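start-v3.csv (CSV, C-alpha atoms and all ligand atoms)
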chain,number,residue,atom,x,y,z
K,5,MET,CA,10.3,26.0,26.2
K,6,GLU,CA,7.9,27.3,23.5
K,7,GLN,CA,8.7,28.5,20.1
K,8,PRO,CA,6.8,30.4,17.4
K,9,ILE,CA,4.7,28.3,15.2
K,10,LYS,CA,5.6,28.0,11.6
K,11,ASP,CA,2.3,27.9,9.8
K,12,ALA,CA,1.7,25.1,7.4
K,13,PRO,CA,0.5,26.6,4.0
K,14,ARG,CA,-3.1,25.4,4.6
K,15,GLU,CA,-5.3,26.8,7.3
K,16,THR,CA,-8.4,25.3,8.7
K,17,SER,CA,-11.1,26.4,11.1
K,18,ILE,CA,-11.3,25.1,14.7
K,19,GLU,CA,-14.8,23.7,14.0
K,20,ASN,CA,-13.5,21.6,11.1
K,21,PHE,CA,-10.7,20.2,13.1
K,22,ILE,CA,-12.1,19.5,16.6
K,23,LYS,CA,-15.4,19.3,18.5
K,24,LEU,CA,-16.1,18.6,22.1
K,25,LYS,CA,-18.4,15.6,22.5
K,26,PRO,CA,-20.8,14.7,25.3
K,27,PRO,CA,-18.5,12.7,27.6
K,28,SER,CA,-19.1,9.0,27.5
K,29,ILE,CA,-17.9,8.4,31.1
K,30,PRO,CA,-20.1,6.5,33.5
K,31,GLU,CA,-21.6,8.5,36.3
K,32,GLY,CA,-19.8,8.9,39.6
K,33,PHE,CA,-16.3,10.1,38.7
K,34,ASN,CA,-15.2,12.7,41.2
K,35,GLY,CA,-13.5,15.1,38.8
K,36,SER,CA,-13.8,16.6,35.3
K,37,PHE,CA,-13.7,14.5,32.1
K,38,THR,CA,-13.7,15.9,28.6
K,39,GLU,CA,-13.8,14.2,25.3
K,40,CYS,CA,-13.5,15.4,21.7
K,41,GLY,CA,-13.5,14.1,18.2
K,42,PHE,CA,-10.9,15.5,15.8
K,43,ASP,CA,-9.9,15.1,12.2
K,44,PRO,CA,-6.1,14.9,11.7
K,45,SER,CA,-6.6,15.7,8.0
K,46,LYS,CA,-8.0,19.1,8.9
K,47,TYR,CA,-5.0,20.0,11.1
K,48,SER,CA,-2.9,23.2,10.4
K,49,ASP,CA,-0.2,24.7,12.6
K,50,SER,CA,-2.3,27.9,13.1
K,51,LEU,CA,-4.8,26.0,15.1
K,52,PHE,CA,-2.4,26.1,18.1
K,53,SER,CA,-2.6,29.9,18.2
K,54,GLN,CA,-6.3,29.9,17.4
K,55,LEU,CA,-7.0,27.7,20.3
K,56,ASP,CA,-4.5,29.6,22.5
K,57,ILE,CA,-2.5,26.5,23.2
K,58,PRO,CA,1.4,26.8,23.3
K,59,ILE,CA,3.2,24.4,21.0
K,60,PRO,CA,6.2,22.9,22.8
K,61,VAL,CA,9.6,22.6,21.0
K,62,GLN,CA,9.4,18.8,21.3
K,63,ILE,CA,6.2,18.9,19.2
K,64,ALA,CA,6.9,21.7,16.7
K,65,GLY,CA,9.0,19.5,14.5
K,66,SER,CA,6.8,16.4,14.7
K,67,VAL,CA,4.8,14.9,11.9
K,68,THR,CA,1.2,16.2,11.3
K,69,LYS,CA,-0.5,13.2,13.0
K,70,ARG,CA,1.5,13.8,16.2
K,71,LYS,CA,0.9,17.5,16.3
K,72,ALA,CA,-2.8,16.9,15.7
K,73,GLU,CA,-3.2,14.4,18.5
K,74,PHE,CA,-1.1,16.5,20.9
K,75,LEU,CA,-3.3,19.5,20.2
K,76,ALA,CA,-6.5,17.5,20.6
K,77,GLY,CA,-5.3,16.2,24.0
K,78,ARG,CA,-4.3,19.6,25.2
K,79,TYR,CA,-7.6,21.0,24.0
K,80,CYS,CA,-9.4,18.5,26.2
K,81,ALA,CA,-7.1,19.3,29.0
K,82,LYS,CA,-7.8,23.0,28.7
K,83,ALA,CA,-11.6,22.3,28.8
K,84,ALA,CA,-11.3,19.9,31.7
K,85,LEU,CA,-9.1,22.3,33.8
K,86,SER,CA,-11.4,25.2,33.1
K,87,GLU,CA,-14.2,23.2,34.8
K,88,LEU,CA,-12.1,23.2,37.9
K,89,GLY,CA,-11.5,27.0,37.6
K,90,TYR,CA,-8.1,26.9,35.8
K,91,PHE,CA,-8.7,29.1,32.8
K,92,HIS,CA,-5.2,30.0,31.4
K,93,THR,CA,-3.1,27.2,32.6
K,94,PRO,CA,-1.1,25.5,29.8
K,95,VAL,CA,-0.1,21.9,30.5
K,96,ALA,CA,3.6,21.6,29.7
K,97,ILE,CA,5.3,18.3,28.8
K,98,GLY,CA,7.0,17.0,32.0
K,99,HIS,CA,9.3,14.2,32.8
K,100,ASN,CA,9.2,11.3,30.3
K,101,ARG,CA,6.2,12.9,28.5
K,102,CYS,CA,4.1,13.0,31.7
K,103,PRO,CA,1.8,16.1,31.5
K,104,ALA,CA,2.7,18.8,34.1
K,105,TRP,CA,-0.6,19.5,35.9
K,106,PRO,CA,-1.1,22.5,38.3
K,107,ALA,CA,-0.2,21.8,41.9
K,108,GLY,CA,-2.9,19.9,43.7
K,109,ILE,CA,-4.4,18.5,40.5
K,110,SER,CA,-3.9,15.1,39.0
K,111,GLY,CA,-4.8,14.4,35.4
K,112,SER,CA,-4.3,12.2,32.4
K,113,ILE,CA,-4.7,12.4,28.6
K,114,SER,CA,-5.2,9.8,25.9
K,115,HIS,CA,-5.8,9.8,22.2
K,116,SER,CA,-6.6,7.1,19.7
K,117,GLU,CA,-7.3,7.7,16.0
K,118,ASN,CA,-9.8,10.6,15.9
K,119,ARG,CA,-10.7,10.8,19.6
K,120,ALA,CA,-9.0,12.4,22.6
K,121,VAL,CA,-9.9,12.5,26.3
K,122,CYS,CA,-8.7,14.1,29.5
K,123,VAL,CA,-9.5,13.6,33.1
K,124,VAL,CA,-8.5,15.9,35.9
K,125,SER,CA,-9.3,15.8,39.6
K,126,ARG,CA,-8.4,17.4,42.9
K,127,ASN,CA,-9.5,14.2,44.8
K,128,PHE,CA,-6.9,11.6,44.0
K,129,GLN,CA,-3.1,11.4,44.1
K,130,GLY,CA,-3.2,10.0,40.6
K,131,VAL,CA,-5.7,9.4,37.8
K,132,GLY,CA,-5.1,7.5,34.5
K,133,ILE,CA,-7.2,7.4,31.4
K,134,ASP,CA,-6.7,5.4,28.3
K,135,ILE,CA,-8.6,4.9,25.1
K,136,THR,CA,-7.6,2.2,22.7
K,137,HIS,CA,-9.3,1.0,19.5
K,138,LYS,CA,-9.7,-2.7,19.4
K,139,ILE,CA,-6.3,-4.3,18.7
K,140,PRO,CA,-6.3,-6.4,15.5
K,141,GLY,CA,-5.9,-10.1,16.0
K,142,LYS,CA,-2.6,-10.2,14.1
K,143,ILE,CA,-1.0,-7.7,16.4
K,144,ILE,CA,-2.5,-9.4,19.5
K,145,SER,CA,-0.6,-12.6,18.6
K,146,GLU,CA,2.6,-10.6,18.4
K,147,ILE,CA,2.3,-8.6,21.7
K,148,ASN,CA,0.3,-11.1,23.8
K,149,THR,CA,3.1,-12.5,25.9
K,150,SER,CA,4.6,-9.1,26.7
K,151,ILE,CA,1.2,-7.8,27.9
K,152,LEU,CA,-0.3,-10.8,29.7
K,153,ASN,CA,0.9,-13.6,32.0
K,154,LYS,CA,-0.5,-17.1,32.0
K,155,ASN,CA,-3.1,-16.3,34.7
K,156,GLU,CA,-4.3,-13.3,32.7
K,157,GLU,CA,-4.6,-15.4,29.6
K,158,ASP,CA,-7.0,-17.7,31.5
K,159,ILE,CA,-9.0,-14.6,32.7
K,160,CYS,CA,-9.2,-13.5,29.0
K,161,LYS,CA,-10.5,-16.8,27.9
K,162,SER,CA,-13.3,-16.7,30.5
K,163,TYR,CA,-14.1,-13.1,29.6
K,164,ALA,CA,-17.5,-12.9,27.8
K,165,ASP,CA,-16.1,-11.3,24.5
K,166,PRO,CA,-13.8,-13.0,22.1
K,167,THR,CA,-10.2,-13.2,23.3
K,168,GLN,CA,-8.9,-10.2,21.5
K,169,ASP,CA,-11.3,-7.9,23.2
K,170,GLY,CA,-10.0,-9.2,26.6
K,171,VAL,CA,-6.4,-8.5,25.5
K,172,THR,CA,-7.3,-4.9,24.3
K,173,LEU,CA,-9.2,-4.4,27.6
K,174,ILE,CA,-6.2,-5.5,29.8
K,175,PHE,CA,-3.7,-3.6,27.6
K,176,SER,CA,-5.8,-0.4,27.9
K,177,MET,CA,-6.3,-0.8,31.7
K,178,LYS,CA,-2.6,-1.3,32.3
K,179,GLU,CA,-1.8,1.9,30.3
K,180,ALA,CA,-4.3,3.8,32.5
K,181,LEU,CA,-2.7,2.4,35.6
K,182,PHE,CA,0.8,3.4,34.3
K,183,LYS,CA,-0.4,6.9,33.8
K,184,ALA,CA,-2.1,7.1,37.2
K,185,LEU,CA,1.1,5.8,39.0
K,186,TYR,CA,3.8,7.5,37.0
K,187,PRO,CA,3.8,10.8,38.9
K,188,GLN,CA,4.5,8.8,42.1
K,189,VAL,CA,6.8,6.2,40.7
K,190,LYS,CA,8.7,8.5,38.3
K,191,LYS,CA,10.1,5.6,36.2
K,192,TYR,CA,8.9,3.2,33.6
K,193,PHE,CA,7.6,-0.1,34.6
K,194,ASP,CA,6.5,-3.1,32.6
K,195,PHE,CA,3.1,-4.5,31.7
K,196,LEU,CA,4.1,-7.8,33.4
K,197,ASP,CA,4.9,-5.9,36.7
K,198,VAL,CA,1.1,-5.7,37.2
K,199,GLU,CA,-1.4,-8.5,37.0
K,200,VAL,CA,-5.1,-8.4,36.4
K,201,VAL,CA,-6.7,-10.6,39.0
K,202,ALA,CA,-10.4,-10.3,38.1
K,203,ILE,CA,-12.7,-8.8,35.5
K,204,ASP,CA,-16.3,-8.1,36.4
K,205,PRO,CA,-18.1,-7.5,33.1
K,206,LYS,CA,-21.4,-6.7,34.8
K,207,LYS,CA,-20.0,-3.8,36.9
K,208,GLN,CA,-17.4,-3.1,34.2
K,209,LYS,CA,-14.6,-3.2,36.7
K,210,ILE,CA,-11.1,-4.7,36.6
K,211,GLN,CA,-9.0,-5.5,39.7
K,212,LEU,CA,-5.2,-5.3,39.3
K,213,ARG,CA,-2.3,-6.1,41.6
K,214,LEU,CA,1.3,-5.1,41.6
K,215,ILE,CA,3.6,-8.0,41.2
K,216,ARG,CA,6.8,-6.2,42.3
K,217,ASP,CA,7.6,-3.1,44.4
K,218,LEU,CA,7.5,0.1,42.4
K,219,SER,CA,8.3,2.5,45.2
K,220,GLU,CA,8.2,2.6,49.0
K,221,LYS,CA,4.5,3.3,49.1
K,222,LEU,CA,3.6,1.2,46.1
K,223,GLY,CA,4.7,-2.3,47.1
K,224,ALA,CA,4.1,-5.7,45.6
K,225,GLY,CA,0.5,-6.8,46.4
K,226,THR,CA,-1.0,-3.3,46.2
K,227,GLU,CA,-4.4,-3.5,44.5
K,228,PHE,CA,-6.4,-1.2,42.3
K,229,ILE,CA,-9.8,-1.2,40.8
K,230,GLY,CA,-10.4,0.4,37.4
K,231,SER,CA,-13.5,1.1,35.4
K,232,TYR,CA,-13.9,0.4,31.8
K,233,TRP,CA,-16.5,1.0,29.1
K,234,LYS,CA,-16.7,0.8,25.3
K,235,THR,CA,-18.2,2.9,22.6
K,236,GLY,CA,-18.1,1.3,19.2
K,237,GLU,CA,-14.7,-0.3,18.7
K,238,CYS,CA,-13.0,2.0,21.3
K,239,PHE,CA,-12.2,0.8,24.8
K,240,TYR,CA,-12.0,3.4,27.7
K,241,SER,CA,-10.2,2.7,30.9
K,242,LEU,CA,-10.1,4.9,33.9
K,243,LEU,CA,-8.3,4.3,37.1
K,244,GLU,CA,-8.0,6.5,40.2
K,245,TYR,CA,-5.3,6.0,42.8
K,246,GLY,CA,-5.0,7.2,46.4
K,247,PRO,CA,-7.9,9.4,47.6
K,248,ARG,CA,-6.5,12.8,48.9
K,301,LIG,C1,3.1,6.5,28.0
K,301,LIG,C2,2.1,5.5,27.3
K,301,LIG,C3,1.4,4.8,28.4
K,301,LIG,C4,1.2,6.3,26.4
K,301,LIG,O1,0.3,5.5,25.8
K,301,LIG,P1,0.0,5.6,24.2
K,301,LIG,O2,-0.9,4.4,23.9
K,301,LIG,O3,1.2,5.8,23.4
K,301,LIG,O4,-0.9,6.8,24.0
K,301,LIG,P2,-2.1,7.5,24.7
K,301,LIG,O5,-2.7,8.4,23.7
K,301,LIG,O6,-3.0,6.5,25.4
K,301,LIG,O7,-1.4,8.3,25.8
K,301,LIG,C5,-0.5,9.3,25.4
K,301,LIG,C6,-0.5,10.3,26.5
K,301,LIG,O8,-0.1,9.7,27.8
K,301,LIG,C7,0.5,10.7,28.5
K,301,LIG,N1,1.8,10.2,29.0
K,301,LIG,C8,2.9,10.0,28.3
K,301,LIG,N2,3.9,9.6,29.1
K,301,LIG,C9,3.4,9.6,30.3
K,301,LIG,C10,4.0,9.4,31.6
K,301,LIG,N3,5.2,9.0,31.8
K,301,LIG,N4,3.2,9.5,32.7
K,301,LIG,C11,1.9,9.8,32.6
K,301,LIG,N5,1.3,10.1,31.4
K,301,LIG,C12,2.0,10.0,30.3
K,301,LIG,C13,0.7,12.0,27.7
K,301,LIG,O9,-0.3,12.9,28.0
K,301,LIG,C14,0.5,11.4,26.3
K,301,LIG,O10,-0.1,12.3,25.3
K,301,LIG,P3,0.7,13.6,24.9
K,301,LIG,O11,2.1,13.1,24.7
K,301,LIG,O12,0.0,14.0,23.6
K,301,LIG,O13,0.6,14.5,26.0
K,301,LIG,C15,2.9,4.5,26.5
K,301,LIG,O14,3.4,5.0,25.4
K,301,LIG,C16,4.1,3.9,27.2
K,301,LIG,O15,5.2,4.4,27.2
K,301,LIG,N6,3.9,2.7,27.8
K,301,LIG,C17,5.0,2.0,28.5
K,301,LIG,C18,4.8,1.9,29.9
K,301,LIG,C19,3.6,1.1,30.2
K,301,LIG,O16,2.5,1.3,29.7
K,301,LIG,N7,3.7,0.1,31.1
K,301,LIG,C20,2.6,-0.6,31.6
K,301,LIG,C21,2.6,-0.7,33.0
K,301,LIG,S1,1.3,-1.7,33.6
Please, can you express the file's structure as structure tokens?
Amino acid sequence: MEQPIKDAPRETSIENFIKLKPPSIPEGFNGSFTECGFDPSKYSDSLFSQLDIPIPVQIAGSVTKRKAEFLAGRYCAKAALSELGYFHTPVAIGHNRCPAWPAGISGSISHSENRAVCVVSRNFQGVGIDITHKIPGKIISEINTSILNKNEEDICKSYADPTQDGVTLIFSMKEALFKALYPQVKKYFDFLDVEVVAIDPKKQKIQLRLIRDLSEKLGAGTEFIGSYWKTGECFYSLLEYGPR
């Protein structure tokens, strides 16, 4: 369901609000990846129509920050889909906020502070992308035990960077895995339902394993390998699941 946009009093130009960036993704991803920088303080409602992106009812009444990040994510999705030949294909909000991609396409969106990214691919049953700015130490100590089990804490300690980088990294990779699997699993699962079994800082890969059955096809013991990289204080995690 879409509804007309009520313009905020202020208007800004597209160029002030958002710019596509050269994608930071490492080579070898079999799909399309787009990345942009955006300035939430330059957001105005008219940007949705200027960018030809429908504003869903769920977003129209949201605070400015939420509207700005949603728009930035959909802008990246529009650019990524057009690389695959989908030029006028709005991405609606699906079940539990999961983006509704065109049939035969899997994709994922993430935003953090003033960045947004999107991946889409024809070649996997699921892809997940996450960007997360380094989590401050105070928050780490509050969330640590709901994100990591004891084995993962040990892996974090042996990780080359200080502990909080390891926690941010694992948090981000688990969010990417969640987004990749959600379209199959169709329900929420917990951070502690998945365990990181190894981090390879040289290859920038993380190996993860399901600790419990999530669905008939995705049973306990199923393993995944995700890629990660970092630009400045921002961690990127990308995980592809199930080649088509
Ligand atoms: C959904 C979730 C992963 C989003 O992460 P976030 O840190 O809030 O924000 P991000 O910017 O990285 O990602 C948000 C985007 O994820 C996508 N997303 C949201 N729910 C989703 C779902 N159920 N399935 C797939 N993608 C989803 C959306 O595109 C969303 O952006 P949009 O609402 O603007 O379209 C997170 O909020 C959440 O609910 N986590 C709990 C489940 C979880 O992570 N379990 C860990 C299992 S190992």
Residues within 7 Å of ligand LIG 301 (chain K), counting only C-alpha atoms and all ligand atoms, as a ChimeraX atom specification | /K:73-74,77,97,99-103,112-116,134-136,178-179,181-184,186-187,192-198
Spatial neighbours of Ile29 in chain K, max dist 12 Å, all atoms listed in the file, sep filter under 2 positions, as a short mmCIF file (atom, residue, chain, number, x, y, z; two decimals) with C-alpha atoms, in the frame of the given file:
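This is the output file part36.cif:
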data_model
loop_
_atom_site.label_atom_id
_atom_site.label_comp_id
_atom_site.auth_asym_id
_atom_site.auth_seq_id
_atom_site.Cartn_x
_atom_site.Cartn_y
_atom_site.Cartn_z
CA LYS K 25 -18.40 15.60 22.50
CA PRO K 26 -20.80 14.70 25.30
CA PRO K 27 -18.50 12.70 27.60
CA GLU K 31 -21.60 8.50 36.30
CA GLY K 32 -19.80 8.90 39.60
CA PHE K 33 -16.30 10.10 38.70
CA ASN K 34 -15.20 12.70 41.20
CA GLY K 35 -13.50 15.10 38.80
CA SER K 36 -13.80 16.60 35.30
CA PHE K 37 -13.70 14.50 32.10
CA THR K 38 -13.70 15.90 28.60
CA GLU K 39 -13.80 14.20 25.30
CA VAL K 121 -9.90 12.50 26.30
CA CYS K 122 -8.70 14.10 29.50
CA VAL K 123 -9.50 13.60 33.10
CA ILE K 133 -7.20 7.40 31.40
CA ASP K 134 -6.70 5.40 28.30
CA ILE K 135 -8.60 4.90 25.10
CA GLN K 208 -17.40 -3.10 34.20
CA SER K 231 -13.50 1.10 35.40
CA TYR K 232 -13.90 0.40 31.80
CA TRP K 233 -16.50 1.00 29.10
CA LYS K 234 -16.70 0.80 25.30
CA THR K 235 -18.20 2.90 22.60
CA PHE K 239 -12.20 0.80 24.80
CA TYR K 240 -12.00 3.40 27.70
CA SER K 241 -10.20 2.70 30.90
CA LEU K 242 -10.10 4.90 33.90
#
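In this structure, CA of Lys190 in chain K sits 27.7 Å away from CA of Ile203 in chain K.
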Point (-16.8, 17.5, 18.2) neighbourhood (12 Å, all atoms listed in the file) written as a ChimeraX atom specification | /K:18-27,38-43,76,79-80,118-121
Shell of 10 Å around Ala224 in chain K, all atoms listed in the file, local chain residues under 4 positions omitted, as a ChimeraX atom specification | /K:197-198,213-220
Can you work out the spacing between CA of Gln62 in chain K and CA of Gly111 in chain K in Å, to one decimal?
->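 Straight-line distance from CA of Gln62 in chain K to CA of Gly111 in chain K works out to 20.5 Å.
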Which neighbours of Tyr163 in chain K fall inside 12 Å, counting all atoms listed in the file, when residues of the same chain fewer than 2 positions from it are skipped, and could you give them as a PyMOL selection string?
-> chain K and resi 156-161+165-174+202-206+208+210
Residue with smallest distance to Ser125 in chain K - pool K:Gly246, K:Gly65, K:Gly223, K:Pro30, counting all atoms listed in the file =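 Result for the nearest residue to Ser125 in chain K: K:Gly246.
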Within 12 Å of Pro58 in chain K, counting only C-alpha atoms, which residues show up once you throw out same-chain ones fewer than 3 positions away? Write them as an MDAnalysis selection string, please.
-> chainID K and resid 5:9 49:55 61:64 71 74:75 78:79 82 92:97
